[in-house]
Amino acid sequence: MRPRQFDLIAFDWDGTLFDSTAIIVRCIQAAVADVGGRVPDDRSASYVIGMGLMQALAHAAPDVPPERYPLLGERYRHHYLAHQHDISLFDGVLPMLHMLRERHHWLTVATGKSRRGLDEALRSTELHGVFDGSRTADETAGKPDPKMLLELMREFGVEADRVLMIGDTTHDLQMAVNAGCASVGVSYGAHEPDGFDALSPRYVAHSVQALHDWLQAHA
């Protein structure tokens, strides 16, 4: 059997495993409207996906004064909670994860979601118990700071050259670069893949099936 190349595989959540990009964009836009800010267009709202919540909202609504950020965050959470059960895993995610587990990779999540939000998502899907570890933006530094990956590497005792980060945004891939890790981009999430080239991912997958096939052959 071919030796595996990566011991630890870190996945972004929204737009990579979870088909949530469109709903997150609408929730950001609704939250900004609620506090009287200039509503960002779809491209601007999707660009901030993957960042920590307050960092993302501040970037998406630069005309909203900082003293209104707590209300902005509250309104985003209100809209997201109203729609969170409308979101599902991309087709093919579970078979892909089970394939990787059978090959004894450590599977982790590195996400801009909050710890509470990630734990709720894990409880509400068939993913409970699939992942060996995770980091969220509110318990460490947000992307593209490498701290999430560095903490996971320390937790599992894995060197950077044995770690693969998979995500749908330039924030994910830049985090991998900053941590000294390899990356794979997916084009079906929040960011257009033309921005990935400068960050040198090993591969850009245009579907979950393509990602599955690449991981099976190369991870």
# chains A, B, ... in the order shown; residues from 1 in each chain; ligands from 1
$ residues_around --residues "region 178-194 of chain A" --least-positions-apart "2" --cutoff "6 Å" --atoms "only C-alpha atoms" --output "list in words"
Gly15, Thr21, Ser46, Pro146, Ala160, Asp161, Val163, Leu164, Met165, Ile166, Gly167, Asp168, Thr169, Met175, Ala176, Phe196, Pro201, Arg202, Tyr203, Val204, Ala205 and His206 of chain A
$ write_last_selection --atoms "C-alpha atoms" --output "short mmCIF file (atom, residue, chain, number, x, y, z; two decimals), in the first residue's frame"
data_model
loop_
_atom_site.label_atom_id
_atom_site.label_comp_id
_atom_site.auth_asym_id
_atom_site.auth_seq_id
_atom_site.Cartn_x
_atom_site.Cartn_y
_atom_site.Cartn_z
CA GLY A 15 -18.21 26.45 1.70
CA THR A 21 -22.16 30.24 1.37
CA SER A 46 -18.76 36.27 0.28
CA PRO A 146 -1.60 30.46 11.17
CA ALA A 160 4.12 21.13 8.91
CA ASP A 161 5.18 18.97 5.95
CA VAL A 163 -0.29 18.66 7.23
CA LEU A 164 -2.78 19.48 4.47
CA MET A 165 -5.26 22.39 4.70
CA ILE A 166 -8.38 22.26 2.49
CA GLY A 167 -10.54 25.34 2.01
CA ASP A 168 -12.63 27.46 -0.31
CA THR A 169 -11.12 30.90 0.35
CA MET A 175 -3.21 30.45 6.50
CA ALA A 176 -1.63 27.27 5.16
CA PHE A 196 -5.78 30.74 -5.52
CA PRO A 201 -2.26 24.98 -3.72
CA ARG A 202 -1.39 21.40 -4.64
CA TYR A 203 -4.74 21.10 -6.42
CA VAL A 204 -8.00 22.97 -6.99
CA ALA A 205 -11.08 20.75 -6.83
CA HIS A 206 -14.19 21.79 -8.71
#
$ select_by_dssp --residues "region 45-154 of chain A" --states "helix (DSSP H, G or I)" --output "MDAnalysis selection string"
chainID A and resid 45:47 53:60 66:86 93:102 115:123 147:154
$ residues_around --residues "Ala82 (chain A)" --least-positions-apart "3" --cutoff "12 Å" --atoms "only C-alpha atoms" --output "PyMOL selection string"
chain A and resi 23-24+26-27+75-79+85-87
$ residues_around --residues "region 58-70 of chain A" --least-positions-apart "3" --cutoff "7 Å" --atoms "only C-alpha atoms" --output "NGL selection string"
:A and (32 or 37-38 or 40 or 44-45 or 48 or 54-55 or 73-74)
$ write_last_selection --atoms "all heavy atoms" --output "tab-separated table (two decimals), in the first residue's frame"
chain	number	residue	atom	x	y	z
A	32	VAL	N	-26.20	43.95	8.15
A	32	VAL	CA	-25.72	45.30	7.85
A	32	VAL	C	-26.91	46.23	7.63
A	32	VAL	O	-26.92	47.38	8.12
A	32	VAL	CB	-24.79	45.28	6.62
A	32	VAL	CG1	-24.40	46.69	6.23
A	32	VAL	CG2	-23.54	44.46	6.92
A	37	GLY	N	-26.19	50.21	7.85
A	37	GLY	CA	-24.99	50.31	7.03
A	37	GLY	C	-25.28	50.15	5.55
A	37	GLY	O	-26.40	49.79	5.16
A	38	ARG	N	-24.26	50.41	4.74
A	38	ARG	CA	-24.40	50.21	3.30
A	38	ARG	C	-24.27	48.72	3.02
A	38	ARG	O	-23.23	48.12	3.31
A	38	ARG	CB	-23.32	51.00	2.55
A	38	ARG	CG	-23.47	50.95	1.04
A	38	ARG	CD	-22.47	51.87	0.34
A	38	ARG	NE	-21.08	51.50	0.61
A	38	ARG	CZ	-20.26	52.17	1.41
A	38	ARG	NH1	-20.68	53.25	2.05
A	38	ARG	NH2	-19.01	51.76	1.58
A	40	PRO	N	-23.43	45.33	1.58
A	40	PRO	CA	-22.42	44.87	0.61
A	40	PRO	C	-23.05	44.02	-0.48
A	40	PRO	O	-24.06	43.34	-0.26
A	40	PRO	CB	-21.46	44.04	1.47
A	40	PRO	CG	-22.31	43.54	2.61
A	40	PRO	CD	-23.28	44.66	2.89
A	44	SER	N	-18.66	41.06	-2.22
A	44	SER	CA	-18.01	41.61	-1.03
A	44	SER	C	-18.39	40.82	0.21
A	44	SER	O	-17.55	40.58	1.10
A	44	SER	CB	-18.40	43.08	-0.85
A	44	SER	OG	-17.96	43.85	-1.95
A	45	ALA	N	-19.65	40.39	0.30
A	45	ALA	CA	-20.09	39.62	1.47
A	45	ALA	C	-19.47	38.24	1.47
A	45	ALA	O	-19.10	37.72	2.54
A	45	ALA	CB	-21.62	39.53	1.49
A	48	VAL	N	-15.58	37.77	2.79
A	48	VAL	CA	-15.19	37.74	4.21
A	48	VAL	C	-15.48	36.40	4.87
A	48	VAL	O	-15.12	36.19	6.03
A	48	VAL	CB	-15.87	38.88	5.00
A	48	VAL	CG1	-15.57	40.22	4.36
A	48	VAL	CG2	-17.39	38.68	5.11
A	54	MET	N	-16.48	38.99	13.87
A	54	MET	CA	-16.41	40.44	13.95
A	54	MET	C	-15.45	41.02	12.93
A	54	MET	O	-15.70	42.09	12.36
A	54	MET	CB	-16.04	40.86	15.38
A	54	MET	CG	-17.08	40.47	16.43
A	54	MET	SD	-18.82	40.74	15.91
A	54	MET	CE	-18.83	42.50	15.59
A	55	GLN	N	-14.35	40.34	12.68
A	55	GLN	CA	-13.43	40.77	11.63
A	55	GLN	C	-14.13	40.79	10.28
A	55	GLN	O	-13.98	41.73	9.49
A	55	GLN	CB	-12.23	39.83	11.59
A	55	GLN	CG	-11.21	40.13	10.48
A	55	GLN	CD	-10.19	39.02	10.33
A	55	GLN	OE1	-10.30	37.95	10.96
A	55	GLN	NE2	-9.18	39.24	9.50
A	73	GLY	N	-23.05	42.07	15.12
A	73	GLY	CA	-22.85	40.64	15.36
A	73	GLY	C	-24.10	39.96	15.86
A	73	GLY	O	-24.42	38.83	15.44
A	74	GLU	N	-24.84	40.64	16.73
A	74	GLU	CA	-26.09	40.08	17.26
A	74	GLU	C	-27.10	39.86	16.15
A	74	GLU	O	-27.79	38.83	16.10
A	74	GLU	CB	-26.65	41.02	18.32
A	74	GLU	CG	-27.97	40.60	18.90
A	74	GLU	CD	-28.53	41.66	19.84
A	74	GLU	OE1	-27.76	42.17	20.69
A	74	GLU	OE2	-29.72	42.00	19.71
$ residues_around --residues "region 102-105 of chain A" --least-positions-apart "3" --cutoff "7 Å" --atoms "only C-alpha atoms" --output "CSV table (one decimal) with N, CA, C and O atoms, in the first residue's frame"
chain,number,residue,atom,x,y,z
A,7,ASP,N,-0.3,13.2,7.5
A,7,ASP,CA,-0.9,12.6,8.7
A,7,ASP,C,-2.1,13.3,9.2
A,7,ASP,O,-3.1,12.7,9.7
A,8,LEU,N,-2.2,14.7,9.0
A,8,LEU,CA,-3.3,15.5,9.5
A,8,LEU,C,-3.8,16.3,8.4
A,8,LEU,O,-3.1,16.9,7.7
A,9,ILE,N,-5.2,16.2,8.2
A,9,ILE,CA,-5.9,16.9,7.2
A,9,ILE,C,-6.8,17.9,7.9
A,9,ILE,O,-7.7,17.4,8.7
A,98,HIS,N,-15.2,9.4,5.5
A,98,HIS,CA,-15.1,8.0,5.9
A,98,HIS,C,-13.9,7.3,5.2
A,98,HIS,O,-13.2,6.5,5.9
A,99,MET,N,-13.7,7.6,4.0
A,99,MET,CA,-12.5,7.1,3.3
A,99,MET,C,-11.2,7.5,3.9
A,99,MET,O,-10.3,6.7,4.2
$ atom_distance --atom1 "CA of Gln209 (chain A)" --atom2 "CA of Phe90 (chain A)"
10.1 Å
$ residues_around --residues "region 128-141 of chain A" --least-positions-apart "5" --cutoff "9 Å" --atoms "only C-alpha atoms" --output "MDAnalysis selection string"
chainID A and resid 10 50:53 97:98 101 106:115 118:119 121:123 146:149 151:152 155:156
$ write_last_selection --atoms "C-alpha atoms" --output "short mmCIF file (atom, residue, chain, number, x, y, z; two decimals), in the first residue's frame"
data_model
loop_
_atom_site.label_atom_id
_atom_site.label_comp_id
_atom_site.auth_asym_id
_atom_site.auth_seq_id
_atom_site.Cartn_x
_atom_site.Cartn_y
_atom_site.Cartn_z
CA ALA A 10 -7.55 20.20 8.27
CA GLY A 50 -13.82 32.26 6.70
CA MET A 51 -12.70 35.21 8.82
CA GLY A 52 -13.69 35.50 12.46
CA LEU A 53 -17.20 36.92 12.78
CA LEU A 97 -14.41 11.68 5.24
CA HIS A 98 -15.05 8.01 5.95
CA ARG A 101 -10.69 7.82 8.38
CA TRP A 106 -6.27 12.60 11.62
CA LEU A 107 -9.19 14.77 10.50
CA THR A 108 -9.61 18.25 11.94
CA VAL A 109 -11.58 21.45 11.36
CA ALA A 110 -10.05 24.94 11.19
CA THR A 111 -12.91 27.41 10.84
CA GLY A 112 -13.93 31.01 11.20
CA LYS A 113 -17.08 29.84 12.99
CA SER A 114 -17.45 30.21 16.74
CA ARG A 115 -16.94 27.23 19.04
CA LEU A 118 -19.29 24.58 15.20
CA ASP A 119 -20.41 22.36 18.07
CA ALA A 121 -23.34 22.10 13.54
CA LEU A 122 -21.52 18.90 14.51
CA ARG A 123 -24.40 17.82 16.74
CA PRO A 146 -1.60 30.46 11.17
CA LYS A 147 -2.34 29.96 14.87
CA MET A 148 -5.23 27.52 14.28
CA LEU A 149 -3.03 25.18 12.27
CA GLU A 151 -2.11 24.66 17.57
CA LEU A 152 -3.49 21.58 15.82
CA GLU A 155 -1.86 18.93 19.67
CA PHE A 156 -1.22 15.97 17.38
#
$ atom_distance --atom1 "CA of Val39 (chain A)" --atom2 "CA of Leu57 (chain A)"
11.0 Å
$ atom_distance --atom1 "CA of Phe6 (chain A)" --atom2 "CA of Ala219 (chain A)"
5.7 Å
